[in-house]
$ cat run.cif   # mmCIF, C-alpha atoms
data_coords
loop_
_atom_site.label_atom_id
_atom_site.label_comp_id
_atom_site.auth_asym_id
_atom_site.auth_seq_id
_atom_site.Cartn_x
_atom_site.Cartn_y
_atom_site.Cartn_z
CA MET A 1 -80.90 24.35 21.96
CA ASN A 2 -82.39 23.81 25.41
CA THR A 3 -80.31 25.06 28.32
CA ARG A 4 -80.81 25.39 32.04
CA ASP A 5 -79.56 28.73 33.40
CA ARG A 6 -78.03 28.86 36.87
CA ASP A 7 -77.25 32.57 36.60
CA PRO A 8 -76.69 35.03 33.74
CA TYR A 9 -73.06 33.97 33.53
CA GLU A 10 -73.44 30.19 33.53
CA LYS A 11 -75.33 27.82 31.25
CA THR A 12 -75.73 24.09 31.40
CA PHE A 13 -76.29 22.24 28.15
CA PRO A 14 -77.91 18.79 28.27
CA ALA A 15 -75.87 15.81 27.17
CA LEU A 16 -75.85 15.45 23.39
CA PRO A 17 -76.76 12.16 21.71
CA PRO A 18 -74.01 10.02 20.18
CA ALA A 19 -72.48 11.71 17.14
CA PRO A 20 -72.59 10.26 13.62
CA ALA A 21 -69.49 8.82 12.00
CA ARG A 22 -68.63 12.09 10.27
CA GLY A 23 -66.65 14.87 11.91
CA LEU A 24 -67.56 16.39 15.25
CA ALA A 25 -67.34 19.97 13.95
CA ARG A 26 -69.02 21.54 10.92
CA THR A 27 -68.23 25.25 11.15
CA TRP A 28 -64.88 26.93 10.66
CA TRP A 29 -64.85 28.12 14.27
CA GLY A 30 -65.68 24.62 15.51
CA HIS A 31 -62.70 23.28 13.56
CA ALA A 32 -60.51 26.09 14.94
CA TRP A 33 -61.51 25.06 18.47
CA LEU A 34 -60.52 21.45 17.78
CA ARG A 35 -57.21 22.52 16.23
CA ALA A 36 -56.36 24.23 19.52
CA LEU A 37 -56.92 20.86 21.24
CA GLU A 38 -55.20 18.63 18.68
CA ASP A 39 -52.17 20.90 18.24
CA SER A 40 -51.66 21.26 22.01
CA ALA A 41 -52.01 17.66 23.22
CA LEU A 42 -48.74 15.82 23.64
CA ASP A 43 -50.32 12.37 23.24
CA GLY A 44 -52.36 11.98 20.08
CA THR A 45 -53.57 8.57 21.24
CA GLN A 46 -55.34 10.18 24.20
CA VAL A 47 -57.01 12.69 21.88
CA LYS A 48 -58.23 9.95 19.55
CA GLN A 49 -59.64 8.04 22.51
CA GLY A 50 -61.40 11.23 23.65
CA ARG A 51 -62.91 11.61 20.20
CA ARG A 52 -64.34 8.09 20.52
CA TYR A 53 -65.73 8.95 23.96
CA ALA A 54 -67.44 12.07 22.61
CA ARG A 55 -68.84 10.24 19.61
CA SER A 56 -70.24 7.42 21.78
CA GLY A 57 -72.16 9.79 24.09
CA ALA A 58 -69.89 9.41 27.14
CA VAL A 59 -69.97 13.15 27.93
CA GLY A 60 -72.73 14.28 30.28
CA ALA A 61 -74.29 17.74 30.63
CA VAL A 62 -71.79 20.52 29.91
CA SER A 63 -71.63 23.56 32.20
CA VAL A 64 -70.23 26.68 30.52
CA ARG A 65 -69.14 29.70 32.53
CA PRO A 66 -66.65 32.56 32.10
CA GLY A 67 -63.22 30.97 32.03
CA GLY A 68 -64.17 27.32 32.06
CA LEU A 69 -66.14 24.22 31.10
CA THR A 70 -67.19 21.34 33.31
CA ALA A 71 -68.73 17.95 32.57
CA VAL A 72 -68.81 14.39 33.84
CA VAL A 73 -67.21 11.97 31.38
CA ARG A 74 -67.61 8.23 31.79
CA ASP A 75 -65.13 5.52 30.85
CA PRO A 76 -66.42 2.47 28.95
CA ASP A 77 -66.66 0.63 32.28
CA GLY A 78 -68.94 3.36 33.66
CA THR A 79 -66.37 5.11 35.89
CA ALA A 80 -67.28 8.81 36.11
CA HIS A 81 -64.68 11.60 36.05
CA ARG A 82 -65.15 15.27 36.90
CA THR A 83 -63.54 17.06 33.96
CA ASP A 84 -62.73 20.76 33.49
CA VAL A 85 -61.17 22.79 30.69
CA LEU A 86 -60.14 26.35 31.51
CA VAL A 87 -60.00 29.20 28.99
CA GLN A 88 -58.54 32.66 29.51
CA GLU A 89 -61.17 35.39 29.93
CA PHE A 90 -60.85 38.69 28.07
CA THR A 91 -59.83 41.78 29.97
CA GLY A 92 -62.02 44.89 29.95
CA ALA A 93 -59.75 46.50 27.37
CA GLN A 94 -59.98 43.44 25.09
CA TRP A 95 -63.76 43.41 25.32
CA ASP A 96 -63.84 47.11 24.48
CA ARG A 97 -61.78 46.55 21.32
CA LEU A 98 -63.79 43.49 20.25
CA LEU A 99 -67.19 45.13 20.79
CA GLY A 100 -66.01 48.28 19.04
CA LEU A 101 -65.05 46.25 15.98
CA ALA A 102 -68.33 44.29 15.99
CA ALA A 103 -70.50 47.41 16.42
CA ALA A 104 -68.74 49.24 13.58
CA GLU A 105 -70.04 46.70 11.02
CA ALA A 106 -73.76 46.02 10.87
CA GLY A 107 -73.04 42.75 9.12
CA TYR A 108 -71.05 41.47 12.10
CA ILE A 109 -73.95 42.01 14.48
CA ALA A 110 -76.43 40.38 12.11
CA ALA A 111 -74.15 37.38 11.66
CA LEU A 112 -73.70 36.90 15.41
CA LEU A 113 -77.45 37.06 15.97
CA ASP A 114 -77.81 34.40 13.26
CA ARG A 115 -75.38 32.22 15.23
CA GLU A 116 -72.54 32.79 12.76
CA VAL A 117 -68.98 34.01 13.40
CA PRO A 118 -67.75 36.07 10.44
CA PRO A 119 -64.13 35.13 9.74
CA GLU A 120 -63.46 38.81 9.02
CA LEU A 121 -64.44 39.67 12.61
CA ALA A 122 -61.98 37.12 13.96
CA GLU A 123 -59.25 38.48 11.65
CA ASP A 124 -59.94 42.13 12.61
CA ALA A 125 -59.97 41.18 16.29
CA ALA A 126 -56.66 39.32 16.00
CA ALA A 127 -55.13 42.35 14.27
CA ALA A 128 -56.31 44.41 17.25
CA GLY A 129 -54.66 42.02 19.71
CA VAL A 130 -57.77 40.03 20.67
CA GLU A 131 -57.60 36.33 19.78
CA LEU A 132 -61.26 35.37 19.68
CA LEU A 133 -60.57 31.67 19.18
CA PRO A 134 -58.14 29.72 21.38
CA GLY A 135 -54.76 28.72 20.03
CA ILE A 136 -52.05 26.23 20.98
CA GLY A 137 -51.91 25.85 24.77
CA ASP A 138 -55.02 27.98 25.44
CA LEU A 139 -57.20 25.02 26.50
CA ASP A 140 -56.04 24.17 30.05
CA PRO A 141 -57.15 20.62 31.03
CA ARG A 142 -58.08 19.52 34.58
CA CYS A 143 -59.35 16.01 35.37
CA ASP A 144 -59.63 13.88 38.49
CA CYS A 145 -58.15 10.92 36.61
CA GLY A 146 -54.73 12.35 37.47
CA GLU A 147 -53.37 13.15 33.99
CA TRP A 148 -51.57 16.50 33.77
CA ASP A 149 -51.96 16.84 29.99
CA HIS A 150 -55.09 16.33 27.92
CA CYS A 151 -56.54 12.94 28.82
CA PRO A 152 -59.39 11.14 27.01
CA HIS A 153 -61.89 12.86 29.34
CA THR A 154 -60.78 16.47 28.71
CA ALA A 155 -60.39 15.70 25.00
CA ALA A 156 -63.94 14.29 24.92
CA LEU A 157 -65.24 17.45 26.61
CA CYS A 158 -63.50 19.63 24.02
CA TYR A 159 -64.94 17.56 21.16
CA GLN A 160 -68.39 17.86 22.67
CA VAL A 161 -68.03 21.62 23.05
CA ALA A 162 -67.13 21.85 19.36
CA ARG A 163 -70.63 20.54 18.63
CA LEU A 164 -72.10 23.17 20.97
CA LEU A 165 -70.08 25.91 19.28
CA ASP A 166 -71.39 24.82 15.88
CA GLN A 167 -74.92 25.52 17.11
CA ASP A 168 -74.24 28.62 19.21
CA PRO A 169 -71.01 30.66 18.97
CA PHE A 170 -72.16 32.70 22.01
CA VAL A 171 -70.85 29.71 24.00
CA LEU A 172 -67.34 30.88 23.06
CA LEU A 173 -68.12 34.48 24.08
CA LEU A 174 -69.50 33.25 27.41
CA LEU A 175 -66.25 31.38 27.99
CA ARG A 176 -64.42 34.63 27.31
CA GLY A 177 -66.46 36.37 30.03
CA ARG A 178 -69.72 37.85 28.73
CA GLY A 179 -73.24 36.43 28.46
CA GLU A 180 -75.38 36.66 25.34
CA ARG A 181 -77.97 39.12 26.67
CA GLU A 182 -75.33 41.50 27.96
CA LEU A 183 -73.41 41.36 24.67
CA VAL A 184 -76.47 41.95 22.49
CA ASP A 185 -77.53 44.96 24.60
CA GLU A 186 -74.07 46.51 24.46
CA LEU A 187 -73.72 45.90 20.73
CA GLU A 188 -77.05 47.60 20.09
CA GLU A 189 -76.02 50.59 22.22
CA ARG A 190 -72.69 50.92 20.47
CA SER A 191 -74.28 50.51 17.04
CA ALA A 192 -76.83 53.26 17.79
CA ALA A 193 -74.08 55.57 19.05
CA GLU A 194 -72.02 54.83 15.96
CA ALA A 195 -74.94 55.79 13.70
CA GLN A 196 -75.50 59.10 15.52
CA ALA A 197 -71.84 60.10 15.60
CA PRO A 198 -70.89 62.92 13.19
CA GLN A 199 -69.23 61.60 10.06
CA ALA A 200 -65.65 62.61 9.39
CA PRO A 201 -65.10 64.68 6.26
CA ALA A 202 -64.10 62.77 3.18
CA ASP A 203 -60.38 62.27 2.76
CA GLU A 204 -59.22 64.59 0.03
CA GLY A 205 -55.94 62.78 -0.41
CA VAL A 206 -52.36 64.03 -0.28
CA PRO A 207 -50.75 66.34 -2.85
CA ALA A 208 -48.39 64.50 -5.17
CA ALA A 209 -45.48 66.79 -4.25
CA GLU A 210 -45.74 65.69 -0.60
CA VAL A 211 -45.77 62.03 -1.58
CA PHE A 212 -42.61 62.36 -3.67
CA ALA A 213 -40.91 64.37 -0.93
CA ALA A 214 -41.78 61.79 1.70
CA GLY A 215 -40.40 59.03 -0.50
CA ARG A 216 -36.87 60.25 0.09
CA ILE A 217 -37.15 59.66 3.84
CA ARG A 218 -39.17 56.47 3.67
CA PRO A 219 -37.67 53.76 5.93
CA ALA A 220 -35.98 50.79 4.35
CA LEU A 221 -37.99 47.65 3.75
CA PRO A 222 -37.67 44.97 6.46
CA GLY A 223 -35.30 42.10 5.86
CA LEU A 224 -36.42 38.80 4.38
CA PRO A 225 -37.83 36.27 6.85
CA ALA A 226 -35.58 33.48 8.05
CA LEU A 227 -35.88 30.15 6.27
CA PRO A 228 -37.64 27.51 8.40
CA GLU A 229 -35.55 24.53 9.41
CA ALA A 230 -37.75 22.08 7.51
CA PRO A 231 -40.95 21.94 5.45
CA GLY A 232 -44.19 22.21 7.39
CA GLN A 233 -46.11 19.09 8.36
CA PRO A 234 -49.67 18.95 6.95
CA PRO A 235 -52.36 17.72 9.36
CA THR A 236 -53.02 14.00 9.49
CA LEU A 237 -56.20 12.68 7.92
CA ASP A 238 -56.17 9.62 10.19
CA THR A 239 -59.60 10.05 11.76
CA GLU A 240 -62.31 7.59 12.63
CA ALA A 241 -64.73 9.18 10.19
CA ASP A 242 -65.23 7.13 7.04
CA PRO A 243 -63.68 8.89 3.98
CA GLU A 244 -65.79 9.84 1.01
CA PRO A 245 -66.19 7.11 -1.64
CA HIS A 246 -63.22 6.85 -4.01
CA LEU A 247 -61.11 9.16 -1.78
CA ASP A 248 -57.62 7.74 -1.24
CA VAL A 249 -56.63 9.27 2.11
CA ASP A 250 -53.01 8.09 1.84
CA ALA A 251 -52.69 9.70 -1.58
CA VAL A 252 -54.13 13.01 -0.32
CA GLU A 253 -51.73 13.01 2.64
CA PHE A 254 -48.82 12.31 0.29
CA LEU A 255 -49.80 15.14 -2.06
CA ALA A 256 -50.07 17.57 0.86
CA GLN A 257 -46.62 16.59 2.13
CA ALA A 258 -45.15 16.76 -1.38
CA ALA A 259 -46.62 20.25 -1.86
CA ALA A 260 -45.09 21.40 1.43
CA ALA A 261 -41.69 19.99 0.42
CA GLU A 262 -41.85 21.66 -2.99
CA ALA A 263 -42.86 24.99 -1.46
CA TYR A 264 -39.90 24.72 0.93
CA ARG A 265 -37.53 23.97 -1.95
CA ARG A 266 -38.77 26.99 -3.91
CA LEU A 267 -38.52 29.23 -0.86
CA THR A 268 -34.95 28.04 -0.32
CA GLU A 269 -34.09 28.97 -3.90
CA ALA A 270 -35.84 32.34 -3.62
CA LEU A 271 -33.86 33.28 -0.49
CA ALA A 272 -30.51 32.12 -1.90
CA PRO A 273 -27.98 34.83 -2.89
CA GLY A 274 -28.22 35.85 -6.53
CA HIS A 275 -31.69 34.42 -7.04
CA ALA A 276 -32.98 37.67 -8.54
CA ASP A 277 -30.23 37.57 -11.19
CA ARG A 278 -31.12 34.10 -12.46
CA ALA A 279 -33.72 33.46 -15.11
CA PRO A 280 -36.79 31.62 -13.81
CA THR A 281 -37.05 27.95 -14.69
CA ALA A 282 -39.86 26.77 -16.89
CA PRO A 283 -42.83 25.26 -15.01
CA LEU A 284 -43.11 21.49 -15.10
CA THR A 285 -45.55 19.84 -17.45
CA VAL A 286 -48.17 17.50 -16.03
CA ALA A 287 -46.16 14.51 -17.23
CA GLU A 288 -42.93 15.82 -15.66
CA ASP A 289 -44.65 16.58 -12.38
CA ALA A 290 -46.10 13.08 -12.28
CA VAL A 291 -42.58 11.64 -12.52
CA ARG A 292 -41.36 14.04 -9.81
CA LEU A 293 -44.14 12.92 -7.49
CA THR A 294 -43.51 9.26 -8.23
CA ALA A 295 -39.84 9.75 -7.35
CA GLU A 296 -40.88 11.18 -3.96
CA ALA A 297 -43.62 8.65 -3.19
CA GLY A 298 -42.73 5.85 -0.80
CA ASP A 299 -46.12 4.14 -0.87
CA PHE A 300 -46.36 1.47 -3.59
CA ARG A 301 -50.07 2.19 -4.19
CA VAL A 302 -49.43 5.89 -4.72
CA ARG A 303 -46.62 5.12 -7.17
CA SER A 304 -48.88 2.69 -9.03
CA ARG A 305 -51.67 5.25 -9.33
CA LEU A 306 -49.28 7.89 -10.65
CA THR A 307 -47.83 5.41 -13.12
CA ALA A 308 -51.27 4.46 -14.41
CA ALA A 309 -52.30 8.12 -14.70
CA THR A 310 -49.37 8.87 -17.02
CA GLY A 311 -50.05 5.91 -19.30
CA ARG A 312 -46.58 4.47 -18.64
CA SER A 313 -45.79 0.87 -17.83
CA ARG A 314 -44.19 0.15 -14.49
CA ALA A 315 -40.82 -0.46 -16.17
CA ASP A 316 -41.06 2.81 -18.12
CA MET A 317 -41.91 4.76 -14.98
CA GLU A 318 -39.00 3.19 -13.09
CA LEU A 319 -36.69 4.30 -15.89
CA ALA A 320 -38.22 7.81 -15.87
CA VAL A 321 -37.77 8.07 -12.10
CA ARG A 322 -34.11 7.02 -12.48
CA ALA A 323 -33.55 9.70 -15.13
CA TRP A 324 -35.29 12.28 -12.91
CA GLY A 325 -32.99 11.39 -10.03
CA PHE A 326 -29.94 12.21 -12.14
CA GLY A 327 -31.15 15.55 -13.49
CA ALA A 328 -34.82 16.42 -12.83
CA ALA A 329 -36.65 17.71 -15.93
CA PRO A 330 -33.53 17.93 -18.18
CA GLY A 331 -32.59 14.39 -17.15
CA LEU A 332 -36.07 13.15 -18.04
CA ALA A 333 -35.88 14.99 -21.37
CA ALA A 334 -32.61 13.22 -22.19
CA LEU A 335 -34.42 9.91 -21.71
CA GLU A 336 -37.54 10.70 -23.71
CA ASP A 337 -36.73 13.57 -26.12
CA ASP A 338 -35.24 12.02 -29.28
CA TRP A 339 -34.54 15.31 -31.06
CA THR A 340 -32.40 16.37 -34.02
CA PRO A 341 -29.85 19.19 -33.48
CA ASP A 342 -29.72 22.00 -35.99
CA ARG A 343 -26.50 22.73 -37.93
CA SER A 344 -25.00 25.20 -35.47
CA THR A 345 -25.75 22.94 -32.46
CA LEU A 346 -24.28 19.96 -34.27
CA ALA A 347 -21.15 21.94 -35.14
CA ARG A 348 -20.60 22.89 -31.50
CA ALA A 349 -21.12 19.24 -30.48
CA ARG A 350 -18.44 18.08 -32.95
CA VAL A 351 -15.99 20.64 -31.58
CA ALA A 352 -16.70 19.45 -28.03
CA LEU A 353 -16.19 15.80 -29.04
CA ALA A 354 -12.90 16.58 -30.73
CA ALA A 355 -11.64 18.56 -27.75
CA ALA A 356 -12.60 15.80 -25.31
CA TRP A 357 -10.11 13.36 -26.87
CA ALA A 358 -7.53 15.79 -28.21
CA ASP A 359 -4.70 14.04 -26.32
CA ALA A 360 -5.96 10.46 -26.59
CA GLU A 361 -7.44 8.07 -29.06
CA ALA A 362 -11.06 9.02 -29.62
CA PRO A 363 -13.70 6.30 -29.32
CA VAL A 364 -15.67 5.34 -32.38
CA LEU A 365 -19.03 7.07 -32.00
CA ARG A 366 -21.96 6.64 -34.34
CA ARG A 367 -24.58 9.41 -34.25
CA VAL A 368 -28.33 9.09 -34.67
CA ARG A 369 -29.93 12.50 -34.19
CA ALA A 370 -28.68 13.74 -30.75
CA ARG A 371 -27.36 10.38 -29.57
CA TRP A 372 -23.79 9.13 -30.03
CA THR A 373 -23.26 5.37 -29.43
CA GLU A 374 -19.78 3.95 -28.87
CA ALA A 375 -19.19 0.97 -31.10
CA GLY A 376 -18.94 -2.39 -29.36
CA THR A 377 -19.25 -1.12 -25.77
CA GLY A 378 -22.94 -0.56 -25.02
CA ARG A 379 -22.20 3.04 -23.99
CA GLN A 380 -23.97 6.10 -25.31
CA LEU A 381 -23.89 9.90 -25.04
CA ARG A 382 -27.01 11.99 -25.36
CA LEU A 383 -26.86 15.72 -26.00
CA GLY A 384 -29.53 17.65 -24.14
CA ARG A 385 -31.17 20.75 -25.53
CA GLU A 386 -29.50 22.68 -22.70
CA GLY A 387 -26.06 21.74 -24.11
CA ARG A 388 -24.98 19.13 -21.55
CA TRP A 389 -24.01 15.51 -22.20
CA TRP A 390 -25.88 12.63 -20.55
CA PRO A 391 -24.30 9.14 -20.18
CA TYR A 392 -26.28 5.97 -20.92
CA HIS A 393 -25.49 2.28 -21.08
CA ARG A 394 -27.32 -0.63 -22.65
CA GLU A 395 -28.90 -3.44 -20.64
CA GLY A 396 -30.83 -5.94 -22.72
CA ASP A 397 -33.01 -3.99 -25.12
CA ARG A 398 -33.05 -0.77 -23.07
CA TRP A 399 -30.81 2.24 -22.64
CA ILE A 400 -30.33 3.10 -18.95
CA PRO A 401 -29.16 6.45 -17.51
CA SER A 402 -25.64 5.99 -16.08
CA GLY A 403 -25.27 9.21 -14.11
CA PRO A 404 -25.73 12.97 -14.05
CA SER A 405 -24.86 15.16 -17.01
CA ALA A 406 -21.47 16.77 -17.67
CA PRO A 407 -20.47 19.84 -19.69
CA ASP A 408 -17.99 17.85 -21.82
CA PRO A 409 -18.62 14.50 -23.50
CA GLY A 410 -15.38 12.86 -22.35
CA SER A 411 -16.14 12.91 -18.61
CA ALA A 412 -19.79 12.00 -19.26
CA LEU A 413 -18.87 8.89 -21.25
CA GLU A 414 -16.68 7.63 -18.42
CA ALA A 415 -19.61 7.58 -15.94
CA ASP A 416 -19.77 4.30 -14.03
CA PRO A 417 -22.91 2.37 -15.03
CA ALA A 418 -22.99 0.84 -11.53
CA GLN A 419 -24.07 4.18 -10.04
CA SER A 420 -27.30 4.03 -12.01
CA GLY A 421 -28.69 1.60 -9.46
CA PHE A 422 -30.31 -0.30 -12.31
CA GLY A 423 -29.95 -4.04 -12.73
CA PRO A 424 -31.13 -6.35 -15.48
CA HIS A 425 -34.60 -6.51 -13.95
CA GLY A 426 -35.14 -2.90 -12.87
CA PRO A 427 -33.96 -0.65 -10.06
CA THR A 428 -31.74 -2.25 -7.43
#
$ encode --input "run.cif" --output "structure tokens"
Amino acid sequence: MNTRDRDPYEKTFPALPPAPARGLARTWWGHAWLRALEDSALDGTQVKQGRRYARSGAVGAVSVRPGGLTAVVRDPDGTAHRTDVLVQEFTGAQWDRLLGLAAAEAGYIAALLDREVPPELAEDAAAAGVELLPGIGDLDPRCDCGEWDHCPHTAALCYQVARLLDQDPFVLLLLRGRGERELVDELEERSAAEAQAPQAPADEGVPAAEVFAAGRIRPALPGLPALPEAPGQPPTLDTEADPEPHLDVDAVEFLAQAAAAEAYRRLTEALAPGHADRAPTAPLTVAEDAVRLTAEAGDFRVRSRLTAATGRSRADMELAVRAWGFGAAPGLAALEDDWTPDRSTLARARVALAAAWADAEAPVLRRVRARWTEAGTGRQLRLGREGRWWPYHREGDRWIPSGPSAPDPGSALEADPAQSGFGPHGPT
């Protein structure tokens, strides 16, 4: 990359040509830089416009110095704007910790010289209190267009710098306060000193008796973290880059959101009182999970794709979603699992049926396997393998779930078919 040096602590990079349709960052640190921009900006529209500016070549030469970036960015009508983005420089103590970490691992130095940023270096530095990459609010925008937040011009400059960072991560270190030559010299000095330092004797471990004794005074474990107020929001995939062939962006965004919601639900259950005393639930099958996702999907195309993937017709999937809404996996099993109870299960079912109408005239029920149909009414009871009773009613040639399950057959049979939300032609 050609640069024009003004002094050892400032570099000017020539304007880059217009970017291709694909993303403006390729490396993990380039993407981290852009996340700091996109997560900080209050107006996503301004950021998107800045991305278009950067891609079209509207950003001029970029001047990089400790603590800041400067460039001229032009509007589509040719109006030029002086644009700056400020970044916090490292203190002397922060540089000392970062360089100490980098010099201690020969692989870190080699990677930096190869214009790579090892993610392990960034993680070790963060653990030592030195955030190598900027985070939310760390990119401070300044532009003569008058905007106080990120405007299209500062956003365009940040997108352009992501391309520079892809090619040369020393740009980031210069922003933090040190030039490349100075850093390389100091890393070599520290590495040589590290190699000559006497090695500490090998750790011989701790006697077992001391470990057991210390266990009695070990501090208590910290409390469980607080439950977030809501599931996290996955990043949007609404970019101007063309998606890969056959990639359904809406479907991917839905799956990401559904995964976040499911993780939140499981975390809620795990933090609930008594969770450790309850037996874990069986994992969902692929077919069950497809119904769960269809029940959560609001986009008609996503629901259609899930329906096709399971081999169900649209009407069958609508019925499965209705059953899932009344009882999740057990509710779906009541719809689709036409099983035969063994003798002991059947005996318990007969006792439950007799007790349900002990003080009233019992309905006439005809049993076929685990399904009891009331004569002349179009109502049906289904016994689930978990021992609960599921109400159904007949509409045309189909049996429709009427409501959630009940522990006794009497209350289940009285479920109001209207609450099923199912009309003669499907869900209402």
$ resolve_selection --input "run.cif" --expression "the PyMOL selection byres ((chain A and resi 179) around 10)" --output "compact mmCIF listing (two decimals) with C-alpha atoms, in the coordinates of the input"
# COMPACT_ATOMS: atom_id res chain seq x y z
CA ASP A 7 -77.25 32.57 36.60
CA PRO A 8 -76.69 35.03 33.74
CA TYR A 9 -73.06 33.97 33.53
CA GLU A 10 -73.44 30.19 33.53
CA LYS A 11 -75.33 27.82 31.25
CA ARG A 65 -69.14 29.70 32.53
CA PRO A 66 -66.65 32.56 32.10
CA PHE A 170 -72.16 32.70 22.01
CA VAL A 171 -70.85 29.71 24.00
CA LEU A 172 -67.34 30.88 23.06
CA LEU A 173 -68.12 34.48 24.08
CA LEU A 174 -69.50 33.25 27.41
CA LEU A 175 -66.25 31.38 27.99
CA ARG A 176 -64.42 34.63 27.31
CA GLY A 177 -66.46 36.37 30.03
CA ARG A 178 -69.72 37.85 28.73
CA GLU A 180 -75.38 36.66 25.34
CA ARG A 181 -77.97 39.12 26.67
CA GLU A 182 -75.33 41.50 27.96
CA LEU A 183 -73.41 41.36 24.67
CA VAL A 184 -76.47 41.95 22.49
$ resolve_selection --input "run.cif" --expression "the PyMOL selection byres ((chain A and resi 397-409) around 7)" --output "list in words"
Ala323, Phe326, Gly327, Ala352, Leu353, Ala356, Arg388, Trp389, Trp390, Pro391, Tyr392, His393, Arg394, Glu395, Gly396, Gly410, Ser411, Ala412, Leu413, Ala415, Asp416, Pro417, Gln419 and Ser420 of chain A
$ resolve_selection --input "run.cif" --expression "the PyMOL selection byres ((chain A and resi 26) around 12)" --output "number ranges by chain"
A: 22-25, 27-34, 116, 159, 162-167
$ closest_residue --input "run.cif" --among "A:Ala122, A:Asp277, A:Leu133, A:Arg190" --to "Asp96 in chain A" --atoms "all atoms listed in the file"
A:Arg190
$ atom_distance --input "run.cif" --atom1 "CA of Ala329 in chain A" --atom2 "CA of Leu255 in chain A"
19.3 Å
$ build_atoms --input "run.cif" --residues "range 361-366 of chain A" --atoms "all heavy atoms" --output "PDB file, keeping the file's coordinate frame"
ATOM      1  N   GLU A 361      -6.722   8.656 -27.941  1.00  0.00           N
ATOM      2  CA  GLU A 361      -7.440   8.070 -29.060  1.00  0.00           C
ATOM      3  C   GLU A 361      -8.930   8.195 -28.842  1.00  0.00           C
ATOM      4  O   GLU A 361      -9.451   7.778 -27.805  1.00  0.00           O
ATOM      5  CB  GLU A 361      -7.055   6.604 -29.233  1.00  0.00           C
ATOM      6  CG  GLU A 361      -7.730   5.951 -30.441  1.00  0.00           C
ATOM      7  CD  GLU A 361      -7.300   4.504 -30.632  1.00  0.00           C
ATOM      8  OE1 GLU A 361      -6.410   4.055 -29.871  1.00  0.00           O
ATOM      9  OE2 GLU A 361      -7.867   3.842 -31.520  1.00  0.00           O
ATOM     10  N   ALA A 362      -9.624   8.796 -29.766  1.00  0.00           N
ATOM     11  CA  ALA A 362     -11.060   9.020 -29.620  1.00  0.00           C
ATOM     12  C   ALA A 362     -11.816   7.721 -29.834  1.00  0.00           C
ATOM     13  O   ALA A 362     -11.454   6.901 -30.686  1.00  0.00           O
ATOM     14  CB  ALA A 362     -11.534  10.068 -30.614  1.00  0.00           C
ATOM     15  N   PRO A 363     -12.860   7.484 -29.084  1.00  0.00           N
ATOM     16  CA  PRO A 363     -13.700   6.300 -29.320  1.00  0.00           C
ATOM     17  C   PRO A 363     -14.458   6.441 -30.628  1.00  0.00           C
ATOM     18  O   PRO A 363     -14.665   7.550 -31.142  1.00  0.00           O
ATOM     19  CB  PRO A 363     -14.644   6.306 -28.112  1.00  0.00           C
ATOM     20  CG  PRO A 363     -14.736   7.730 -27.711  1.00  0.00           C
ATOM     21  CD  PRO A 363     -13.380   8.326 -27.994  1.00  0.00           C
ATOM     22  N   VAL A 364     -14.873   5.328 -31.144  1.00  0.00           N
ATOM     23  CA  VAL A 364     -15.670   5.340 -32.380  1.00  0.00           C
ATOM     24  C   VAL A 364     -17.125   5.565 -31.984  1.00  0.00           C
ATOM     25  O   VAL A 364     -17.740   4.713 -31.328  1.00  0.00           O
ATOM     26  CB  VAL A 364     -15.506   4.024 -33.155  1.00  0.00           C
ATOM     27  CG1 VAL A 364     -16.388   4.051 -34.403  1.00  0.00           C
ATOM     28  CG2 VAL A 364     -14.044   3.799 -33.518  1.00  0.00           C
ATOM     29  N   LEU A 365     -17.658   6.702 -32.361  1.00  0.00           N
ATOM     30  CA  LEU A 365     -19.030   7.070 -32.000  1.00  0.00           C
ATOM     31  C   LEU A 365     -19.880   7.182 -33.246  1.00  0.00           C
ATOM     32  O   LEU A 365     -19.483   7.832 -34.233  1.00  0.00           O
ATOM     33  CB  LEU A 365     -19.037   8.404 -31.239  1.00  0.00           C
ATOM     34  CG  LEU A 365     -18.265   8.442 -29.918  1.00  0.00           C
ATOM     35  CD1 LEU A 365     -18.215   9.865 -29.380  1.00  0.00           C
ATOM     36  CD2 LEU A 365     -18.923   7.516 -28.890  1.00  0.00           C
ATOM     37  N   ARG A 366     -21.025   6.563 -33.221  1.00  0.00           N
ATOM     38  CA  ARG A 366     -21.960   6.640 -34.340  1.00  0.00           C
ATOM     39  C   ARG A 366     -23.171   7.447 -33.883  1.00  0.00           C
ATOM     40  O   ARG A 366     -23.772   7.135 -32.852  1.00  0.00           O
ATOM     41  CB  ARG A 366     -22.391   5.238 -34.782  1.00  0.00           C
ATOM     42  CG  ARG A 366     -21.237   4.403 -35.322  1.00  0.00           C
ATOM     43  CD  ARG A 366     -21.747   3.107 -35.952  1.00  0.00           C
ATOM     44  NE  ARG A 366     -20.683   2.348 -36.570  1.00  0.00           N
ATOM     45  CZ  ARG A 366     -19.958   1.415 -35.954  1.00  0.00           C
ATOM     46  NH1 ARG A 366     -20.218   1.129 -34.689  1.00  0.00           N
ATOM     47  NH2 ARG A 366     -18.999   0.776 -36.600  1.00  0.00           N
TER      48      ARG A 366
END
